[in-house]
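The file upload00.cif contains mmCIF, C-alpha atoms, pLDDT in the B column; chains and numbers go by the auth columns:
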data_target
#
loop_
_atom_site.group_PDB
_atom_site.id
_atom_site.type_symbol
_atom_site.label_atom_id
_atom_site.label_comp_id
_atom_site.label_asym_id
_atom_site.label_seq_id
_atom_site.Cartn_x
_atom_site.Cartn_y
_atom_site.Cartn_z
_atom_site.B_iso_or_equiv
_atom_site.auth_seq_id
_atom_site.auth_asym_id
ATOM 1 C CA MET A 1 -28.522 44.008 -53.721 74.00 522 A
ATOM 2 C CA LYS A 2 -28.055 47.745 -53.200 84.00 523 A
ATOM 3 C CA PRO A 3 -24.899 48.545 -51.194 91.00 524 A
ATOM 4 C CA ALA A 4 -25.307 50.140 -47.759 94.00 525 A
ATOM 5 C CA ILE A 5 -23.901 53.658 -47.751 98.00 526 A
ATOM 6 C CA ARG A 6 -22.901 55.314 -44.504 98.00 527 A
ATOM 7 C CA ASP A 7 -21.020 58.344 -43.200 98.00 528 A
ATOM 8 C CA ALA A 8 -17.312 57.801 -42.672 98.00 529 A
ATOM 9 C CA GLU A 9 -16.099 57.140 -39.146 98.00 530 A
ATOM 10 C CA GLN A 10 -12.691 57.571 -37.497 97.00 531 A
ATOM 11 C CA ARG A 11 -11.999 53.857 -38.003 97.00 532 A
ATOM 12 C CA ASP A 12 -12.238 54.371 -41.802 98.00 533 A
ATOM 13 C CA LEU A 13 -9.495 56.991 -42.120 98.00 534 A
ATOM 14 C CA ASP A 14 -6.593 54.698 -43.050 97.00 535 A
ATOM 15 C CA GLN A 15 -8.656 52.965 -45.713 97.00 536 A
ATOM 16 C CA ILE A 16 -9.947 56.260 -47.119 98.00 537 A
ATOM 17 C CA LEU A 17 -6.344 57.423 -47.406 98.00 538 A
ATOM 18 C CA ASP A 18 -5.472 54.155 -49.195 96.00 539 A
ATOM 19 C CA LEU A 19 -8.335 54.731 -51.637 96.00 540 A
ATOM 20 C CA ILE A 20 -7.188 58.319 -52.189 97.00 541 A
ATOM 21 C CA MET A 21 -3.759 56.969 -53.133 96.00 542 A
ATOM 22 C CA GLN A 22 -5.327 54.327 -55.411 93.00 543 A
ATOM 23 C CA LEU A 23 -7.190 57.123 -57.194 93.00 544 A
ATOM 24 C CA ALA A 24 -4.020 59.201 -57.534 94.00 545 A
ATOM 25 C CA ILE A 25 -2.138 56.211 -58.949 93.00 546 A
ATOM 26 C CA GLN A 26 -4.982 55.543 -61.397 88.00 547 A
ATOM 27 C CA GLU A 27 -4.755 59.155 -62.550 87.00 548 A
ATOM 28 C CA GLY A 28 -0.955 59.017 -62.760 90.00 549 A
ATOM 29 C CA LEU A 29 -0.469 61.556 -59.978 92.00 550 A
ATOM 30 C CA PRO A 30 0.612 59.713 -56.810 95.00 551 A
ATOM 31 C CA GLY A 31 3.172 62.414 -55.990 95.00 552 A
ATOM 32 C CA GLU A 32 0.375 64.973 -55.678 94.00 553 A
ATOM 33 C CA VAL A 33 -1.134 63.326 -52.579 97.00 554 A
ATOM 34 C CA LYS A 34 -0.103 65.320 -49.496 96.00 555 A
ATOM 35 C CA ILE A 35 -3.039 64.723 -47.130 97.00 556 A
ATOM 36 C CA THR A 36 -2.353 63.092 -43.770 97.00 557 A
ATOM 37 C CA LYS A 37 -4.606 61.077 -41.504 98.00 558 A
ATOM 38 C CA GLU A 38 -4.610 63.979 -39.057 98.00 559 A
ATOM 39 C CA GLN A 39 -5.695 66.472 -41.735 98.00 560 A
ATOM 40 C CA LEU A 40 -8.481 64.218 -42.939 98.00 561 A
ATOM 41 C CA SER A 41 -9.658 63.575 -39.393 98.00 562 A
ATOM 42 C CA GLU A 42 -9.648 67.285 -38.591 97.00 563 A
ATOM 43 C CA ALA A 43 -11.590 68.088 -41.766 97.00 564 A
ATOM 44 C CA LEU A 44 -14.267 65.432 -41.242 98.00 565 A
ATOM 45 C CA PHE A 45 -14.751 65.262 -37.512 98.00 566 A
ATOM 46 C CA THR A 46 -14.728 68.888 -36.389 95.00 567 A
ATOM 47 C CA SER A 47 -17.832 70.351 -34.762 95.00 568 A
ATOM 48 C CA ASP A 48 -18.531 72.286 -37.977 95.00 569 A
ATOM 49 C CA PRO A 49 -17.189 70.187 -40.882 96.00 570 A
ATOM 50 C CA LYS A 50 -16.859 71.713 -44.342 96.00 571 A
ATOM 51 C CA VAL A 51 -16.247 68.393 -46.088 98.00 572 A
ATOM 52 C CA PHE A 52 -17.994 65.034 -45.827 98.00 573 A
ATOM 53 C CA VAL A 53 -17.229 61.439 -46.785 98.00 574 A
ATOM 54 C CA LEU A 54 -19.603 58.605 -47.545 98.00 575 A
ATOM 55 C CA VAL A 55 -18.322 55.032 -47.593 98.00 576 A
ATOM 56 C CA ILE A 56 -19.478 51.597 -48.673 98.00 577 A
ATOM 57 C CA ASP A 57 -18.163 48.557 -46.835 96.00 578 A
ATOM 58 C CA HIS A 58 -16.634 45.745 -48.870 95.00 579 A
ATOM 59 C CA PRO A 59 -19.289 43.089 -49.604 93.00 580 A
ATOM 60 C CA ASN A 60 -17.017 40.196 -48.593 91.00 581 A
ATOM 61 C CA ASP A 61 -15.225 41.798 -45.649 90.00 582 A
ATOM 62 C CA ILE A 62 -16.920 44.549 -43.636 85.00 583 A
ATOM 63 C CA SER A 63 -13.568 45.486 -42.102 89.00 584 A
ATOM 64 C CA LYS A 64 -12.589 46.861 -45.550 95.00 585 A
ATOM 65 C CA LEU A 65 -14.038 49.658 -47.636 97.00 586 A
ATOM 66 C CA ALA A 66 -15.300 49.121 -51.153 97.00 587 A
ATOM 67 C CA ALA A 67 -15.656 52.800 -52.058 97.00 588 A
ATOM 68 C CA PHE A 68 -15.849 56.375 -50.828 98.00 589 A
ATOM 69 C CA ALA A 69 -17.134 59.743 -51.980 98.00 590 A
ATOM 70 C CA LEU A 70 -15.772 63.025 -50.652 98.00 591 A
ATOM 71 C CA TYR A 71 -18.031 66.053 -51.122 98.00 592 A
ATOM 72 C CA TRP A 72 -19.007 69.443 -49.754 98.00 593 A
ATOM 73 C CA ILE A 73 -21.872 71.892 -49.915 98.00 594 A
ATOM 74 C CA ASP A 74 -21.432 74.606 -52.531 97.00 595 A
ATOM 75 C CA PHE A 75 -23.559 77.536 -53.655 97.00 596 A
ATOM 76 C CA PRO A 76 -24.104 78.063 -57.391 96.00 597 A
ATOM 77 C CA THR A 77 -24.829 81.796 -57.374 97.00 598 A
ATOM 78 C CA TRP A 78 -26.856 81.837 -60.594 95.00 599 A
ATOM 79 C CA LEU A 79 -29.220 79.233 -59.176 96.00 600 A
ATOM 80 C CA GLY A 80 -29.495 80.874 -55.754 97.00 601 A
ATOM 81 C CA ARG A 81 -29.638 77.596 -53.851 97.00 602 A
ATOM 82 C CA HIS A 82 -27.048 75.270 -52.387 98.00 603 A
ATOM 83 C CA GLY A 83 -25.734 72.217 -54.177 97.00 604 A
ATOM 84 C CA LEU A 84 -23.252 69.442 -53.565 98.00 605 A
ATOM 85 C CA TYR A 85 -19.823 69.296 -55.130 97.00 606 A
ATOM 86 C CA ILE A 86 -18.129 65.895 -55.413 97.00 607 A
ATOM 87 C CA GLU A 87 -14.360 66.120 -55.120 96.00 608 A
ATOM 88 C CA ASP A 88 -13.647 62.412 -55.469 95.00 609 A
ATOM 89 C CA ILE A 89 -15.336 59.070 -55.817 95.00 610 A
ATOM 90 C CA CYS A 90 -13.145 56.005 -55.695 94.00 611 A
ATOM 91 C CA VAL A 91 -14.005 52.318 -55.832 95.00 612 A
ATOM 92 C CA THR A 92 -11.404 49.668 -55.047 94.00 613 A
ATOM 93 C CA THR A 93 -9.861 48.222 -58.185 91.00 614 A
ATOM 94 C CA GLU A 94 -11.404 44.762 -57.740 92.00 615 A
ATOM 95 C CA LEU A 95 -14.950 46.138 -57.394 94.00 616 A
ATOM 96 C CA ARG A 96 -15.006 48.695 -60.207 90.00 617 A
ATOM 97 C CA GLY A 97 -17.798 48.261 -62.697 89.00 618 A
ATOM 98 C CA GLN A 98 -20.128 46.677 -60.136 93.00 619 A
ATOM 99 C CA GLY A 99 -22.279 49.725 -59.404 93.00 620 A
ATOM 100 C CA TYR A 100 -20.618 51.166 -56.320 95.00 621 A
ATOM 101 C CA GLY A 101 -19.742 54.497 -57.911 94.00 622 A
ATOM 102 C CA GLY A 102 -23.237 54.757 -59.348 93.00 623 A
ATOM 103 C CA ALA A 103 -24.741 53.981 -55.948 96.00 624 A
ATOM 104 C CA LEU A 104 -22.738 56.820 -54.391 97.00 625 A
ATOM 105 C CA MET A 105 -23.794 59.208 -57.171 96.00 626 A
ATOM 106 C CA SER A 106 -27.444 58.236 -56.718 96.00 627 A
ATOM 107 C CA TYR A 107 -27.192 58.663 -52.944 97.00 628 A
ATOM 108 C CA LEU A 108 -25.665 62.131 -53.338 98.00 629 A
ATOM 109 C CA ALA A 109 -28.360 63.061 -55.857 97.00 630 A
ATOM 110 C CA GLN A 110 -30.985 61.990 -53.325 97.00 631 A
ATOM 111 C CA ILE A 111 -29.379 64.214 -50.679 98.00 632 A
ATOM 112 C CA CYS A 112 -29.738 67.120 -53.129 98.00 633 A
ATOM 113 C CA VAL A 113 -33.383 66.297 -53.788 98.00 634 A
ATOM 114 C CA ASP A 114 -34.198 65.811 -50.091 98.00 635 A
ATOM 115 C CA ARG A 115 -32.586 69.127 -49.133 98.00 636 A
ATOM 116 C CA GLY A 116 -33.937 71.122 -52.063 97.00 637 A
ATOM 117 C CA TYR A 117 -30.448 71.710 -53.464 98.00 638 A
ATOM 118 C CA ALA A 118 -30.100 73.021 -57.008 97.00 639 A
ATOM 119 C CA ARG A 119 -27.407 70.722 -58.394 96.00 640 A
ATOM 120 C CA LEU A 120 -24.840 67.974 -58.025 97.00 641 A
ATOM 121 C CA ALA A 121 -21.526 68.955 -59.614 96.00 642 A
ATOM 122 C CA TRP A 122 -18.081 67.419 -60.220 95.00 643 A
ATOM 123 C CA TRP A 123 -15.125 67.404 -62.588 92.00 644 A
ATOM 124 C CA VAL A 124 -13.871 64.470 -64.604 90.00 645 A
ATOM 125 C CA LYS A 125 -10.537 64.072 -66.361 87.00 646 A
ATOM 126 C CA ASP A 126 -10.856 64.196 -70.137 87.00 647 A
ATOM 127 C CA ASP A 127 -9.174 60.801 -70.516 88.00 648 A
ATOM 128 C CA ASN A 128 -11.421 58.948 -68.039 85.00 649 A
ATOM 129 C CA GLU A 129 -13.696 57.448 -70.678 87.00 650 A
ATOM 130 C CA LEU A 130 -15.399 54.953 -68.350 84.00 651 A
ATOM 131 C CA ALA A 131 -16.480 57.735 -66.002 85.00 652 A
ATOM 132 C CA ILE A 132 -17.455 60.050 -68.858 87.00 653 A
ATOM 133 C CA ASN A 133 -19.646 57.365 -70.406 87.00 654 A
ATOM 134 C CA PHE A 134 -21.290 56.672 -67.049 86.00 655 A
ATOM 135 C CA TYR A 135 -21.960 60.382 -66.500 89.00 656 A
ATOM 136 C CA LYS A 136 -23.425 60.712 -69.994 88.00 657 A
ATOM 137 C CA SER A 137 -25.709 57.739 -69.358 88.00 658 A
ATOM 138 C CA SER A 138 -26.905 59.361 -66.128 89.00 659 A
ATOM 139 C CA GLY A 139 -28.005 62.477 -68.028 89.00 660 A
ATOM 140 C CA ALA A 140 -25.251 64.747 -66.683 92.00 661 A
ATOM 141 C CA GLU A 141 -24.868 68.000 -68.575 88.00 662 A
ATOM 142 C CA ILE A 142 -21.390 68.432 -70.051 85.00 663 A
ATOM 143 C CA LYS A 143 -19.817 71.869 -69.654 86.00 664 A
ATOM 144 C CA ASP A 144 -17.130 71.851 -72.370 84.00 665 A
ATOM 145 C CA ASP A 145 -17.082 75.647 -72.453 86.00 666 A
ATOM 146 C CA PHE A 146 -15.392 75.928 -69.033 86.00 667 A
ATOM 147 C CA THR A 147 -11.745 75.372 -68.157 86.00 668 A
ATOM 148 C CA VAL A 148 -10.679 74.585 -64.611 87.00 669 A
ATOM 149 C CA ARG A 149 -7.908 76.725 -63.145 91.00 670 A
ATOM 150 C CA HIS A 150 -5.959 76.228 -59.908 89.00 671 A
ATOM 151 C CA LEU A 151 -3.545 78.314 -57.902 93.00 672 A
ATOM 152 C CA THR A 152 -1.495 76.355 -55.381 89.00 673 A
ATOM 153 C CA GLY A 153 1.810 76.629 -53.593 91.00 674 A
ATOM 154 C CA LYS A 154 4.094 79.379 -54.853 94.00 675 A
ATOM 155 C CA THR A 155 1.680 80.787 -57.433 94.00 676 A
ATOM 156 C CA LEU A 156 -1.003 81.102 -54.752 94.00 677 A
ATOM 157 C CA MET A 157 1.431 82.938 -52.484 94.00 678 A
ATOM 158 C CA VAL A 158 2.507 85.280 -55.297 94.00 679 A
ATOM 159 C CA LEU A 159 -1.051 86.295 -56.108 93.00 680 A
ATOM 160 C CA ALA A 160 -1.926 86.689 -52.424 93.00 681 A
ATOM 161 C CA SER A 161 1.005 89.081 -51.924 94.00 682 A
ATOM 162 C CA ARG A 162 0.043 91.398 -54.787 91.00 683 A
ATOM 163 C CA ASN A 163 -1.328 94.805 -53.879 73.00 684 A
ATOM 164 C CA ILE A 164 -4.138 94.990 -56.394 66.00 685 A
#
Please re-express this file's structure in structure tokens.
Amino acid sequence: MKPAIRDAEQRDLDQILDLIMQLAIQEGLPGEVKITKEQLSEALFTSDPKVFVLVIDHPNDISKLAAFALYWIDFPTWLGRHGLYIEDICVTTELRGQGYGGALMSYLAQICVDRGYARLAWWVKDDNELAINFYKSSGAEIKDDFTVRHLTGKTLMVLASRNI
């Protein structure tokens, strides 16, 4: 049976935050999680949100979440049309490998198709072999010739203060 996917609601915030922490622990980066319930609520439930979350309820307990996907609308300039960028997909530990992540990916791909968007994009850690194999099996193009860069915290402030 295909899982029912829905937009996140206020009542889901605590569980989404728990799943975010599960993902950070899985990736060995729990200390990197800074988001609060208030920040997530403000981001998702404003009158003009810039980020969106889809959720799947747990199959055995609808008061729990099985998975979530956080995404936003991007604009790949070379393609000249919008796309969706997936920041995170997380499935609870006990339900991994049962198709929930794939269902979320398929749902997001359908949003792209329905809206005439040019692409669905995301990053994956080089050591996440299960995800990489899934993405390969889905036909995802691998962009090994790009390296992700981030500026945060102090380095962001330093660059912002330069008079270039």
Checklist outcome for this item: Expressed in Å, the length from atom CA of Tyr638 of chain A to atom CA of Asn654 of chain A is 24.7 Å
Next on the checklist: To test your reading of the syntax: which residues would the PyMOL selection byres ((chain A and resi 540) around 12) return for the file shown? Reply as an MDAnalysis selection string.
Outcome noted: chainID A and resid 533:539 541:547 551 554 576:577 585:591 609:614
Please define a box with edges along x, y and z of the file around all atoms of segment 552-555 of chain A given in the file, extend it by 5 Å on each side, and return its centre and edge lengths in Å to one decimal, as lines of an AutoDock Vina configuration file.
center_x = 1.0
center_y = 63.9
center_z = -52.7
size_x = 14.3
size_y = 12.9
size_z = 16.5
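Going from atom CA of Met626 of chain A over to atom CA of Trp644 of chain A, you cover 13.1 Å.
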Next on the checklist: Nearest residue to Asn581 of chain A out of A:Val669, A:Asp528, A:Cys633, A:Leu616, using all atoms listed in the file?
Outcome noted: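 Ranking A:Val669, A:Asp528, A:Cys633, A:Leu616 by distance to Asn581 of chain A, first place goes to A:Leu616.
The closest residue to His603 of chain A, picked from A:Lys657, A:His671, A:Arg640, A:Lys555 and counting all atoms listed in the file, is A:Arg640.
Between atom CA of Gly549 of chain A and atom CA of Glu650 of chain A lies a distance of 15.1 Å.
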Checklist entry - So which one's closest to Leu641 of chain A, A:Gly604, A:Gly623, A:Gly618, A:Pro597? Using all atoms listed in the file, please. => result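 Checking each candidate against Leu641 of chain A, we get A:Gly604 as the closest.
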Next on the checklist: Can you spell out as a VMD selection string the set of residues that the PyMOL selection byres ((chain A and resi 594) around 8) selects in the structure I just provided?
Outcome noted: chain A and resid 571 to 572 592 to 593 595 to 596 603 to 606
Item to check | Residue contacts of Lys664 of chain A (12 Å, only C-alpha atoms) excluding same-chain residues fewer than 3 positions away, as a PyMOL selection string | outcome: chain A and resi 642-645+647+657+661+667-669
Item to check | Using all atoms listed in the file: which of A:Thr673, A:Gln619, A:Asn649, A:Ser659 has the shortest distance to Pro580 of chain A | outcome: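 The closest residue to Pro580 of chain A is A:Gln619.
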Item to check | Of the listed residues A:Arg670, A:His579, A:Arg683, A:Arg602, that which approaches Pro524 of chain A most closely, counting all atoms listed in the file | outcome: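 Nearest candidate to Pro524 of chain A out of A:Arg670, A:His579, A:Arg683, A:Arg602: A:His579.
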Next on the checklist: I need the residue nearest Gly601 of chain A from this list: A:Ile583, A:Ile663, A:Ile632, A:Ala639. Use all atoms listed in the file for the distance.
Outcome noted: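 Closest to Gly601 of chain A, using all atoms listed in the file: A:Ala639.
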Next on the checklist: Distance cut-off 8 Å, centre (-23.1, 59.8, -46.6) in file coordinates, counting all atoms listed in the file: which residues qualify? Return them as a ChimeraX atom specification.
Outcome noted: /A:526-529,573-576,628-629
